[in-house]
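What follows is a short report on a single structure.
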Amino acid sequence: MVTDFTAQTKELIDNLKGVCTSYGLGNDGNEFKIITQVFLYKFMNDKFGYEVKQIDAKLRKAESWEQEIAKYTEKEYAMLLNKMSADSAKLKRVHYLSHLFNNQSQAEFAKLFDDTLRDIAIFNKDIFSVRTGTGEPIKLFDELSQYISDSSQRDNFCKALVNQLVNSSFEKIFSQKFDFFSTIFEYLIKDYNKDGGGKYAEYYTPHAVSKIMASILVDKPVANVTCYDPSAGSGTLLMNLAHAIGEDRCTIYSQDISQKSSGMLRLNLILNNLVHSIQNIIQGNTLLTPYHKAGDKLMTFDYIVSNPPFKLDFSDYIADLDTKQNHERFFAGFPNVPNKDKDKMAIYPLFIQHIMHSLSAKGKAAIVVPTGFITAQSGIEKKIREKLVDEKMLRGVVSMPSNIFATTGTNVSILFIDKDNKKGDIVLMDASKLGKTVKDGKNQKTLLSEEEEQLIIETFNKHEAKEDFTVVVSYDQIKEKNYSFSAGQYFDVKIEYIDISTEVFAEKMEGLKANLDSLFAESKALEREIQKQLNGLTL
């Protein structure tokens, strides 16, 4: 049954995209606003119908709940709204999809459509408002008809959208949980969350990576905890984390500089029964102006997840960051600014430092980092690793397969921090050989099977050492290896012993000697040739 609902919902999304294409908005920069906001309106409308039916049996038994609810007095209707759950949109009767559908003959229908969505946003502003770092609310719905440049086509465009919405119902799927809505959300935004465009690339973390991070972080039941992502994007990491903990047992906090991503995250929270946390979703520059504070200090969190941007030009802000009050937060310093290609400036170490500073006394974190971070022999990367070990807050590292992100060829690892891991027992895992490579558009992508995901999660959480896969080490052992977090540097070197005769041994050694002599002669000849060319240049 879930499969049928998934197919029907995806068909609705495709049909809405078809309407946009028919009116010249296919692949337009505003198409994602139309698709996601119209989908959200449909979702809110159907959830409202579902909830009022749970409250009043007459509505549940009625052939048309809209016609039955029309009989309510204003006072009865207000009482009904007061009984609804706090995480659902409260709608006036003129907000219903059926009201729009029945009034398509009205002059200036596009205005009615836009006014309806705008009034829903105003009526529910206290629970659905995402804010900027300065406190400015970001509205729930835009005036969608205005994206049609030909004003004579706006009425027909809005009617076409409404006519797609009335052909399906979400009411029977509200008993479904995270996996259904995470699949729908990924399908809904798949064409609008590409890595590229804008100063901050809008990173999308694959579901497998998100699941691994959440399942390792949350290895036992917890309640009443705070979860934070300082570079939240569309919220995949936070949704997986909240699902692992329990949506009713955690409060979500986030910040991201992208308005587009913040809007997507709001939608994700609504779909996944986390409306209570929307007020904590902030659009703003986390590094420069972190929003979430307790008094004059940064707020600390029990769980932090992050897939920060690895490289971008942040050179304009370094001077503003390099202040006395920020020295504790950025204890390892600031990345070098390249003389050329400033957009290749490594910014992720700033996010790691911010996350370490934002952890509560027993806080845990999981951060996606470029694999080069775990072995860098100098710079702020090395200083960060030293602090993680010296202050005994490292839980482990999982090095992922190449191309686990289809949008980047950078090899990545997941860094796990646990401020309560004082005894050590650190798990270093090399999962780079797992997965199956498939074509994803123009790119190669590595997919992990469910069995491989479970292998990573269970092996890590059980602290198992497996040959050529995982090692379990102490803080002292990591210091001895110059603070390397690479599992491969701790694997035992295996030497294969075979019995051979003295004659065969001598023959093998002679062959090796001859090969070395040949290589040495070639190198000397090459050296003479290079010197000859250099002499010619000098002359």
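Going through the structure tokens in order, the chains are called A, B, and so on, while each chain numbers its residues from 1 and the ligands are numbered from 1 in the order shown.
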>> DSSP on the backbone: which residues in range 103-211 of chain A end up as alpha helix (DSSP H)? Give the answer as a PyMOL selection string.
In response: chain A and resi 109-123+125-128+154-165+178-189+207-211
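DSSP on the backbone gives strand (DSSP E) for these parts of range 131-256 of chain A: Arg131, Thr132, Pro137, Ile138, Val225, Thr226, Cys227, Tyr228, Asp229, Cys250, Thr251, Ile252, Tyr253, Ser254, Gln255 and Asp256 of chain A.
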Pull C-alpha atoms from the residues just selected and write them as a PDB file, in the first residue's frame.
```pdb
ATOM      1  CA  ARG A 131      13.484  33.790  10.400  1.00  0.00           C
ATOM      2  CA  THR A 132      16.638  35.471   9.221  1.00  0.00           C
ATOM      3  CA  PRO A 137      10.271  36.316   9.084  1.00  0.00           C
ATOM      4  CA  ILE A 138      10.514  34.462   5.773  1.00  0.00           C
ATOM      5  CA  VAL A 225      17.747  16.367  23.790  1.00  0.00           C
ATOM      6  CA  THR A 226      18.805  19.178  21.456  1.00  0.00           C
ATOM      7  CA  CYS A 227      20.021  18.607  17.881  1.00  0.00           C
ATOM      8  CA  TYR A 228      21.876  21.150  15.753  1.00  0.00           C
ATOM      9  CA  ASP A 229      23.252  21.546  12.251  1.00  0.00           C
ATOM     10  CA  CYS A 250      14.205  16.080  20.518  1.00  0.00           C
ATOM     11  CA  THR A 251      14.243  19.736  19.521  1.00  0.00           C
ATOM     12  CA  ILE A 252      15.881  20.799  16.264  1.00  0.00           C
ATOM     13  CA  TYR A 253      18.070  23.893  15.788  1.00  0.00           C
ATOM     14  CA  SER A 254      19.768  24.962  12.586  1.00  0.00           C
ATOM     15  CA  GLN A 255      21.334  27.776  10.633  1.00  0.00           C
ATOM     16  CA  ASP A 256      22.201  28.063   6.949  1.00  0.00           C
TER      17      ASP A 256
END
```
> Distance CA of Phe180 in chain A-CA of His243 in chain A, one decimal place?
Replying inline: 12.1 Å
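Of the residues under consideration (A:Gly488, A:Gly29, A:Gly133, A:Gly363), A:Gly363 shows the shortest atom-to-atom contact distance to Asp302 in chain A when counting only C-alpha atoms.
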> Hey, what's within 10 Å of range 431-438 of chain A if we count only C-alpha atoms and toss same-chain stuff fewer than 5 positions away? As a list in words, please?
Replying inline: Val398, Ser399, Met400, Pro401, Ser402, Asn403, Ile404, Ala406, Asn411, Val412, Ser413, Asn443, Gln444, Lys445, Thr446, Leu447, Leu448, Ser449, Glu452, Glu453, Leu455, Ile456, Asp468, Phe469, Thr470 and Ala487 of chain A
> Got a sec: who's within 10 Å of Ile380 in chain A, counting only C-alpha atoms, leaving out chain neighbours fewer than 4 positions off, as JSON, numbers by chain?
Replying inline: {"A": [330, 331, 332, 333, 334, 335, 336, 349, 350, 353, 373, 376, 384, 385, 386]}
Residue subset to file, keeping C-alpha atoms, as a PDB file, in the first residue's frame:
```pdb
ATOM      1  CA  PHE A 330      38.523  29.120  16.486  1.00  0.00           C
ATOM      2  CA  PHE A 331      41.323  27.743  18.657  1.00  0.00           C
ATOM      3  CA  ALA A 332      43.289  26.257  15.734  1.00  0.00           C
ATOM      4  CA  GLY A 333      43.248  29.433  13.678  1.00  0.00           C
ATOM      5  CA  PHE A 334      42.005  30.239  10.209  1.00  0.00           C
ATOM      6  CA  PRO A 335      42.662  28.613   6.820  1.00  0.00           C
ATOM      7  CA  ASN A 336      45.086  30.155   4.385  1.00  0.00           C
ATOM      8  CA  PRO A 349      37.948  23.416   9.413  1.00  0.00           C
ATOM      9  CA  LEU A 350      36.130  26.534  10.644  1.00  0.00           C
ATOM     10  CA  GLN A 353      35.981  24.195  15.306  1.00  0.00           C
ATOM     11  CA  PHE A 373      41.716  15.986   6.865  1.00  0.00           C
ATOM     12  CA  ALA A 376      47.161  16.224   7.142  1.00  0.00           C
ATOM     13  CA  ILE A 384      42.152  20.156  15.384  1.00  0.00           C
ATOM     14  CA  ARG A 385      43.063  16.455  15.431  1.00  0.00           C
ATOM     15  CA  GLU A 386      45.539  17.060  18.264  1.00  0.00           C
TER      16      GLU A 386
END
```
> Mind pulling up the distance from CA of Gly263 in chain A to CA of Gln279 in chain A?
Replying inline: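 It comes out at 12.5 Å.
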>> From the options A:Tyr475, A:Asp343, A:Lys481, A:Ala365, which residue's atoms come nearest to Gln377 in chain A, counting only C-alpha atoms?
In response: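 Among the listed residues, the smallest separation from Gln377 in chain A belongs to A:Lys481.
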> Which is closest to Asp418 in chain A among A:Gln106, A:Ala361, A:Val471, A:Glu480, if we use only C-alpha atoms?
Replying inline: A:Ala361
> What lies within 10 Å of Glu458 in chain A using only C-alpha atoms, ignoring chain neighbours under 3 positions off, as JSON, numbers by chain?
Replying inline: {"A": [212, 215, 216, 219, 452, 453, 454, 455, 461, 462, 463, 464]}
Written selection (C-alpha atoms) as a compact mmCIF listing (two decimals), in the first residue's frame:
```
# COMPACT_ATOMS: atom_id res chain seq x y z
CA ILE A 212 25.04 5.87 9.12
CA SER A 215 22.66 5.35 13.75
CA ILE A 216 26.19 5.62 15.13
CA ASP A 219 23.23 3.96 19.78
CA GLU A 452 26.70 -2.78 3.84
CA GLU A 453 25.10 0.09 5.74
CA GLN A 454 24.30 -2.28 8.61
CA LEU A 455 27.82 -3.72 8.50
CA ASN A 461 28.85 0.45 17.48
CA LYS A 462 30.15 -2.91 18.70
CA HIS A 463 33.74 -1.62 18.57
CA GLU A 464 34.81 -4.65 16.57
```
